[in-house]
>>> print(open('coords18.pdb').read())   # PDB, C-alpha atoms and all ligand atoms
ATOM      1  CA  MET B   1       0.000   0.000   0.000
ATOM      2  CA  TYR B   2       1.533   3.345  -1.011
ATOM      3  CA  ILE B   3       1.030   6.984  -1.920
ATOM      4  CA  THR B   4       2.150   8.028  -5.420
ATOM      5  CA  PRO B   5       3.736  11.367  -6.475
ATOM      6  CA  GLN B   6       0.261  12.129  -7.923
ATOM      7  CA  ASP B   7      -1.114  12.012  -4.345
ATOM      8  CA  GLU B   8      -3.057   8.827  -5.035
ATOM      9  CA  LEU B   9      -3.398   5.940  -2.617
ATOM     10  CA  LEU B  10      -2.762   2.567  -4.218
ATOM     11  CA  LEU B  11      -3.946  -0.497  -2.372
ATOM     12  CA  GLU B  12      -2.967  -4.054  -2.985
ATOM     13  CA  TYR B  13      -5.344  -6.954  -2.323
ATOM     14  CA  GLN B  14      -8.971  -6.100  -1.661
ATOM     15  CA  GLY B  15      -8.601  -2.729   0.001
ATOM     16  CA  ILE B  16      -9.509  -2.066   3.603
ATOM     17  CA  ALA B  17     -12.493  -3.614   5.351
ATOM     18  CA  LEU B  18     -13.444  -3.050   8.989
ATOM     19  CA  THR B  19     -16.409  -2.603  11.301
ATOM     20  CA  CYS B  20     -17.552   0.997  10.824
ATOM     21  CA  PRO B  21     -17.607   2.990  14.102
ATOM     22  CA  HIS B  22     -20.775   4.772  12.941
ATOM     23  CA  CYS B  23     -23.059   2.129  11.417
ATOM     24  CA  GLN B  24     -21.391  -0.968  12.977
ATOM     25  CA  THR B  25     -21.409  -2.819   9.602
ATOM     26  CA  LEU B  26     -18.419  -4.758   8.325
ATOM     27  CA  THR B  27     -17.741  -2.700   5.217
ATOM     28  CA  HIS B  28     -15.188  -1.534   2.678
ATOM     29  CA  LEU B  29     -13.691   1.933   2.839
ATOM     30  CA  THR B  30     -12.922   4.470   0.107
ATOM     31  CA  ALA B  31     -10.051   6.920   0.636
ATOM     32  CA  VAL B  32     -11.273  10.528   0.561
ATOM     33  CA  ALA B  33      -8.387  12.561   2.024
ATOM     34  CA  ILE B  34      -4.752  11.660   1.363
ATOM     35  CA  PRO B  35      -1.846  13.828   2.560
ATOM     36  CA  LYS B  36       0.248  15.372  -0.224
ATOM     37  CA  PHE B  37       3.210  13.319  -1.456
ATOM     38  CA  ASP B  38       5.560  16.339  -1.483
ATOM     39  CA  ASP B  39       4.595  17.458   2.024
ATOM     40  CA  LEU B  40       5.163  13.962   3.381
ATOM     41  CA  ASN B  41       8.524  13.612   1.642
ATOM     42  CA  ARG B  42       9.620  16.951   3.089
ATOM     43  CA  GLY B  43       8.584  16.258   6.693
ATOM     44  CA  LYS B  44       9.130  12.480   6.660
ATOM     45  CA  PRO B  45       6.718  11.727   9.532
ATOM     46  CA  LYS B  46       6.761   8.255  11.143
ATOM     47  CA  ASN B  47       2.987   7.952  10.734
ATOM     48  CA  VAL B  48       0.473   9.110   8.153
ATOM     49  CA  GLY B  49      -3.195   9.801   8.823
ATOM     50  CA  LEU B  50      -5.791   9.127   6.134
ATOM     51  CA  VAL B  51      -9.507   9.783   5.977
ATOM     52  CA  PHE B  52     -11.771   7.185   4.405
ATOM     53  CA  ARG B  53     -15.479   7.086   3.729
ATOM     54  CA  CYS B  54     -17.563   4.140   4.897
ATOM     55  CA  ASP B  55     -19.069   2.524   1.787
ATOM     56  CA  ALA B  56     -22.182   1.605   3.796
ATOM     57  CA  CYS B  57     -23.123   4.867   5.563
ATOM     58  CA  GLY B  58     -20.826   7.500   4.026
ATOM     59  CA  GLU B  59     -19.472   8.710   7.401
ATOM     60  CA  PRO B  60     -15.735   9.451   7.773
ATOM     61  CA  VAL B  61     -13.336   6.857   9.202
ATOM     62  CA  PHE B  62      -9.884   7.970  10.366
ATOM     63  CA  LEU B  63      -6.943   5.561  10.132
ATOM     64  CA  LYS B  64      -3.268   5.971  10.997
ATOM     65  CA  PHE B  65      -0.529   4.061   9.172
ATOM     66  CA  ALA B  66       3.191   3.706   9.952
ATOM     67  CA  VAL B  67       5.447   4.696   7.037
ATOM     68  CA  LYS B  68       7.702   1.887   5.839
ATOM     69  CA  ALA B  69       9.784   3.837   3.328
ATOM     70  CA  PHE B  70      10.117   7.197   1.550
ATOM     71  CA  THR B  71      11.351   6.816  -2.035
ATOM     72  CA  PRO B  72      11.215   9.268  -4.961
ATOM     73  CA  ALA B  73       8.566   7.080  -6.624
ATOM     74  CA  ARG B  74       6.302   6.186  -3.699
ATOM     75  CA  ILE B  75       5.697   6.430   0.035
ATOM     76  CA  GLU B  76       5.155   2.933   1.334
ATOM     77  CA  LEU B  77       2.785   2.398   4.225
ATOM     78  CA  ALA B  78       2.661  -0.557   6.599
ATOM     79  CA  PRO B  79      -0.378  -2.767   5.968
ATOM     80  CA  ASN B  80      -1.652  -2.662   9.560
ATOM     81  CA  TYR B  81      -3.263   0.503  10.874
ATOM     82  CA  VAL B  82      -4.593   2.136  14.012
ATOM     83  CA  GLU B  83      -8.298   2.908  14.092
ATOM     84  CA  ILE B  84      -8.662   6.374  15.630
ATOM     85  CA  GLU B  85     -12.323   5.771  16.376
ATOM     86  CA  ARG B  86     -13.329   2.175  16.950
ATOM     87  CA  ALA B  87     -16.779   0.659  16.793
ATOM     88  CA  ARG B  88     -18.427   0.700  20.228
ATOM     89  CA  GLU B  89     -19.220  -2.604  21.844
ATOM     90  CA  ASN B  90     -22.929  -2.869  22.516
ATOM     91  CA  PHE B  91     -24.424  -4.494  25.581
ATOM     92  CA  PRO B  92     -27.874  -4.022  27.176
ATOM     93  CA  LEU B  93     -26.322  -2.303  30.214
ATOM     94  CA  THR B  94     -29.606  -1.248  31.832
ATOM     95  CA  TYR B  95     -30.240  -4.831  32.993
ATOM     96  CA  LEU B  96     -27.194  -4.730  35.287
ATOM     97  CA  PRO B  97     -27.260  -3.492  38.907
ATOM     98  CA  GLU B  98     -26.552   0.264  38.977
ATOM     99  CA  GLU B  99     -22.944   0.181  40.168
ATOM    100  CA  ALA B 100     -21.960  -2.677  37.839
ATOM    101  CA  GLU B 101     -23.652  -0.865  34.953
ATOM    102  CA  GLY B 102     -21.394   2.191  35.378
ATOM    103  CA  LEU B 103     -18.260   0.088  35.797
ATOM    104  CA  PHE B 104     -18.938  -2.153  32.824
ATOM    105  CA  ARG B 105     -19.798   0.835  30.621
ATOM    106  CA  GLU B 106     -16.347   2.214  31.380
ATOM    107  CA  ALA B 107     -14.828  -1.230  30.708
ATOM    108  CA  LEU B 108     -16.424  -1.248  27.233
ATOM    109  CA  ASN B 109     -15.079   2.239  26.555
ATOM    110  CA  CYS B 110     -11.566   1.053  27.516
ATOM    111  CA  TYR B 111     -11.924  -1.872  25.111
ATOM    112  CA  ALA B 112     -13.114   0.365  22.276
ATOM    113  CA  ALA B 113     -10.139   2.675  22.914
ATOM    114  CA  GLY B 114      -7.760  -0.306  22.655
ATOM    115  CA  CYS B 115      -6.700   0.022  26.343
ATOM    116  CA  PHE B 116      -6.812  -3.686  27.072
ATOM    117  CA  ASN B 117      -5.254  -3.770  30.561
ATOM    118  CA  ALA B 118      -7.574  -0.962  31.595
ATOM    119  CA  PHE B 119     -10.410  -3.068  30.187
ATOM    120  CA  GLY B 120      -9.192  -6.008  32.317
ATOM    121  CA  ALA B 121      -9.005  -3.824  35.444
ATOM    122  CA  MET B 122     -12.517  -2.430  34.906
ATOM    123  CA  SER B 123     -13.882  -5.931  34.209
ATOM    124  CA  ARG B 124     -12.405  -7.022  37.534
ATOM    125  CA  ARG B 125     -14.034  -4.068  39.315
ATOM    126  CA  THR B 126     -17.329  -4.976  37.644
ATOM    127  CA  ALA B 127     -16.953  -8.544  38.933
ATOM    128  CA  GLN B 128     -16.054  -7.312  42.446
ATOM    129  CA  SER B 129     -19.111  -5.080  42.493
ATOM    130  CA  LEU B 130     -21.290  -8.055  41.487
ATOM    131  CA  PHE B 131     -19.774 -10.307  44.181
ATOM    132  CA  ARG B 132     -20.682  -7.669  46.772
ATOM    133  CA  GLU B 133     -24.166  -7.265  45.326
ATOM    134  CA  LEU B 134     -24.926 -10.996  44.927
ATOM    135  CA  GLY B 135     -23.142 -12.325  48.018
ATOM    136  CA  GLU B 136     -21.089 -15.510  48.393
ATOM    137  CA  HIS B 137     -23.785 -17.670  46.809
ATOM    138  CA  GLY B 138     -24.024 -15.379  43.774
ATOM    139  CA  LYS B 139     -20.242 -15.411  43.444
ATOM    140  CA  LEU B 140     -20.276 -19.225  43.325
ATOM    141  CA  GLU B 141     -23.013 -19.140  40.679
ATOM    142  CA  LEU B 142     -20.943 -16.719  38.587
ATOM    143  CA  PHE B 143     -17.999 -19.077  38.909
ATOM    144  CA  ASP B 144     -20.161 -22.001  37.737
ATOM    145  CA  THR B 145     -21.293 -19.940  34.736
ATOM    146  CA  LEU B 146     -17.639 -19.191  33.941
ATOM    147  CA  GLN B 147     -16.889 -22.936  34.039
ATOM    148  CA  GLU B 148     -19.796 -23.555  31.660
ATOM    149  CA  ILE B 149     -18.477 -20.923  29.243
ATOM    150  CA  ARG B 150     -15.047 -22.572  29.442
ATOM    151  CA  THR B 151     -16.528 -25.881  28.275
ATOM    152  CA  LEU B 152     -18.815 -24.382  25.629
ATOM    153  CA  ALA B 153     -16.130 -22.137  24.148
ATOM    154  CA  GLU B 154     -13.429 -24.829  24.499
ATOM    155  CA  LEU B 155     -11.019 -22.412  26.178
ATOM    156  CA  ASP B 156      -7.473 -23.688  26.653
ATOM    157  CA  ASP B 157      -6.108 -24.014  30.212
ATOM    158  CA  ASP B 158      -3.746 -21.013  30.017
ATOM    159  CA  THR B 159      -6.423 -18.622  28.748
ATOM    160  CA  PHE B 160      -8.920 -19.855  31.304
ATOM    161  CA  ALA B 161      -6.421 -19.521  34.176
ATOM    162  CA  ALA B 162      -5.520 -15.971  33.122
ATOM    163  CA  LEU B 163      -9.122 -14.818  32.783
ATOM    164  CA  ARG B 164     -10.160 -16.515  36.038
ATOM    165  CA  ALA B 165      -7.338 -14.614  37.739
ATOM    166  CA  VAL B 166      -8.573 -11.345  36.217
ATOM    167  CA  LEU B 167     -12.163 -11.811  37.372
ATOM    168  CA  PHE B 168     -11.936 -13.961  40.502
ATOM    169  CA  GLY B 169      -8.431 -13.129  41.781
ATOM    170  CA  SER B 170      -8.098 -11.058  44.932
ATOM    171  CA  ASP B 171      -6.386  -7.672  45.166
ATOM    172  CA  SER B 172      -4.450  -9.129  48.115
ATOM    173  CA  ASP B 173      -2.910 -11.868  45.908
ATOM    174  CA  PRO B 174       0.876 -11.578  45.473
ATOM    175  CA  TRP B 175       2.010  -9.052  42.845
ATOM    176  CA  PRO B 176       1.162  -9.026  39.976
ATOM    177  CA  HIS B 177      -2.318  -9.856  41.235
ATOM    178  CA  GLN B 178      -3.749  -9.333  37.780
ATOM    179  CA  PRO B 179      -2.177 -10.851  34.644
ATOM    180  CA  ASP B 180      -1.385  -8.626  31.643
ATOM    181  CA  LEU B 181      -3.904  -8.744  28.819
ATOM    182  CA  GLU B 182      -2.805  -8.610  25.208
ATOM    183  CA  PRO B 183      -5.419  -7.816  22.508
ATOM    184  CA  GLN B 184      -6.376 -11.416  21.773
ATOM    185  CA  ARG B 185      -6.979 -12.358  25.418
ATOM    186  CA  ALA B 186      -8.871  -9.114  25.974
ATOM    187  CA  GLY B 187     -11.154 -10.133  23.082
ATOM    188  CA  VAL B 188     -11.829 -13.473  24.768
ATOM    189  CA  LEU B 189     -12.455 -11.702  28.092
ATOM    190  CA  LEU B 190     -14.943  -9.389  26.380
ATOM    191  CA  GLU B 191     -16.948 -12.342  25.070
ATOM    192  CA  ILE B 192     -16.805 -14.032  28.496
ATOM    193  CA  MET B 193     -18.021 -10.877  30.279
ATOM    194  CA  ARG B 194     -20.846 -10.498  27.765
ATOM    195  CA  ASP B 195     -21.975 -14.080  28.213
ATOM    196  CA  LEU B 196     -21.523 -14.052  31.995
ATOM    197  CA  LEU B 197     -23.551 -10.870  32.425
ATOM    198  CA  TYR B 198     -26.114 -11.943  29.851
ATOM    199  CA  GLN B 199     -26.693 -15.298  31.582
ATOM    200  CA  THR B 200     -26.829 -13.735  35.037
ATOM    201  CA  PHE B 201     -28.968 -10.639  34.424
ATOM    202  CA  VAL B 202     -30.283 -10.056  30.924
ATOM    203  CA  ARG B 203     -31.680 -13.518  30.264
ATOM    204  CA  LYS B 204     -33.617 -13.630  33.538
ATOM    205  CA  ALA B 205     -34.934 -10.056  33.225
ATOM    206  CA  ARG B 206     -36.100 -10.601  29.642
ATOM    207  CA  LEU B 207     -37.751 -13.891  30.579
ATOM    208  CA  MET B 208     -39.575 -12.185  33.476
ATOM    209  CA  GLN B 209     -40.708  -9.370  31.170
ATOM    210  CA  ALA B 210     -41.950 -11.873  28.610
ATOM    211  CA  MET B 211     -43.821 -13.837  31.317
ATOM    212  CA  THR B 212     -45.487 -10.694  32.649
ATOM    213  CA  PHE B 213     -46.469  -9.779  29.097
ATOM    214  CA  ARG B 214     -48.007 -13.234  28.531
ATOM    215  CA  ARG B 215     -49.917 -13.042  31.793
ATOM    216  CA  PHE B 216     -51.566  -9.828  30.599
ATOM    217  CA  VAL B 217     -52.089 -10.777  26.989
ATOM    218  CA  ALA B 218     -53.031 -14.449  26.902
ATOM    219  CA  PRO B 219     -56.320 -14.429  28.943
ATOM    220  CA  THR B 220     -57.754 -11.492  26.966
ATOM    221  CA  GLN B 221     -57.216 -13.324  23.687
ATOM    222  CA  ALA B 222     -58.778 -16.493  25.114
ATOM    223  CA  THR B 223     -61.945 -14.537  26.085
ATOM    224  CA  THR B 224     -62.260 -12.908  22.671
ATOM    225  CA  GLN B 225     -61.927 -16.241  20.905
ATOM    226  CA  ALA B 226     -64.519 -17.885  23.195
TER     227      ALA B 226
HETATM  228 ZN    ZN B 301     -20.646   3.161   8.279
END
>>> encode(input="coords18.pdb", output="structure tokens")
Amino acid sequence: MYITPQDELLLEYQGIALTCPHCQTLTHLTAVAIPKFDDLNRGKPKNVGLVFRCDACGEPVFLKFAVKAFTPARIELAPNYVEIERARENFPLTYLPEEAEGLFREALNCYAAGCFNAFGAMSRRTAQSLFRELGEHGKLELFDTLQEIRTLAELDDDTFAALRAVLFGSDSDPWPHQPDLEPQRAGVLLEIMRDLLYQTFVRKARLMQAMTFRRFVAPTQATTQA
């Protein structure tokens, strides 16, 4: 991938596809603002910022690329990029207890910003808040749910041990009491948190809502039909 002396961006392969931060669709991008070849060659910055347009919704997407080489014929960019604005992770937060809702919202923001250890720390605080809220029995139930997820998702022992330490470890454990999270493990933790919170709160609340709805609706229909 490179910028030509004519200020054009030439892409190899299929171009760039990502989840749009605005419409959340996995989509292709079209470059709309490319820095000038001459300006770049003069300043020789380490990184170059480009503006793309989402092919699905037309909103701007900002990406930053490291420069691999400046030559008279082209400016070569590294194929991987940094998303300046990442797609938000959605979760029906209102089903969570108030304190956990605030903490997990912040955890999701950390994840979207690519701050994965901060995401781990906020996930742990969310878990701690839930243990306090649900008591010892609730904590054991959460642990059982985590074990279930481990089996369903076929998590390997190392990943499971690391994520269990993040969520169920104690702040009084010997240093480092929380393992480091690289992007891949953070991604797994995100899916575990989603499933854990969904199983514990959202599923029950939605089932209760549906039951209440049926209790109101079903008898009325039966009378009309009879
Ligand atoms: Zn879009």
>>> residues_around(input="coords18.pdb", residues="B:Gly49", least_positions_apart="2", cutoff="12 Å", atoms="only C-alpha atoms", output="ChimeraX atom specification")
/B:3,31-36,40,45-47,51-52,61-67,77,81-84
>>> closest_atom_pairs(input="coords18.pdb", of="chain B", to="ligand ZN 301 (chain B)", cutoff="6 Å", atoms="only C-alpha atoms and all ligand atoms", output="Markdown table")
| residue | atom | partner | partner_atom | distance |
| --- | --- | --- | --- | --- |
| B:Cys20 | CA | B:ZN301 | ZN | 4.6 |
| B:His22 | CA | B:ZN301 | ZN | 4.9 |
| B:Cys23 | CA | B:ZN301 | ZN | 4.1 |
| B:Cys54 | CA | B:ZN301 | ZN | 4.7 |
| B:Ala56 | CA | B:ZN301 | ZN | 5.0 |
| B:Cys57 | CA | B:ZN301 | ZN | 4.1 |
| B:Glu59 | CA | B:ZN301 | ZN | 5.7 |
>>> resolve_selection(input="coords18.pdb", expression="the PyMOL selection byres (((chain B and resi 143-145) around 9) and not hetatm)", output="VMD selection string")
chain B and resid 138 to 142 146 to 150 164 168 195 to 196 199 to 200
>>> residues_around(input="coords18.pdb", residues="B:Glu191", least_positions_apart="5", cutoff="12 Å", atoms="only C-alpha atoms", output="ChimeraX atom specification")
/B:89-91,108,111,123,146,149-150,153,155,163,184-186,196-198
>>> closest_residue(input="coords18.pdb", among="B:Ala162, B:Gln14, B:Pro72, B:Pro21", to="B:Pro176", atoms="all atoms listed in the file")
B:Ala162
>>> residues_around(input="coords18.pdb", residues="stretch 7-13 of chain B", least_positions_apart="5", cutoff="6 Å", atoms="all atoms listed in the file", output="PyMOL selection string")
chain B and resi 1-2+36-37
>>> atom_distance(input="coords18.pdb", atom1="atom CA of B:Pro92", atom2="atom CA of B:Cys115")
21.6 Å
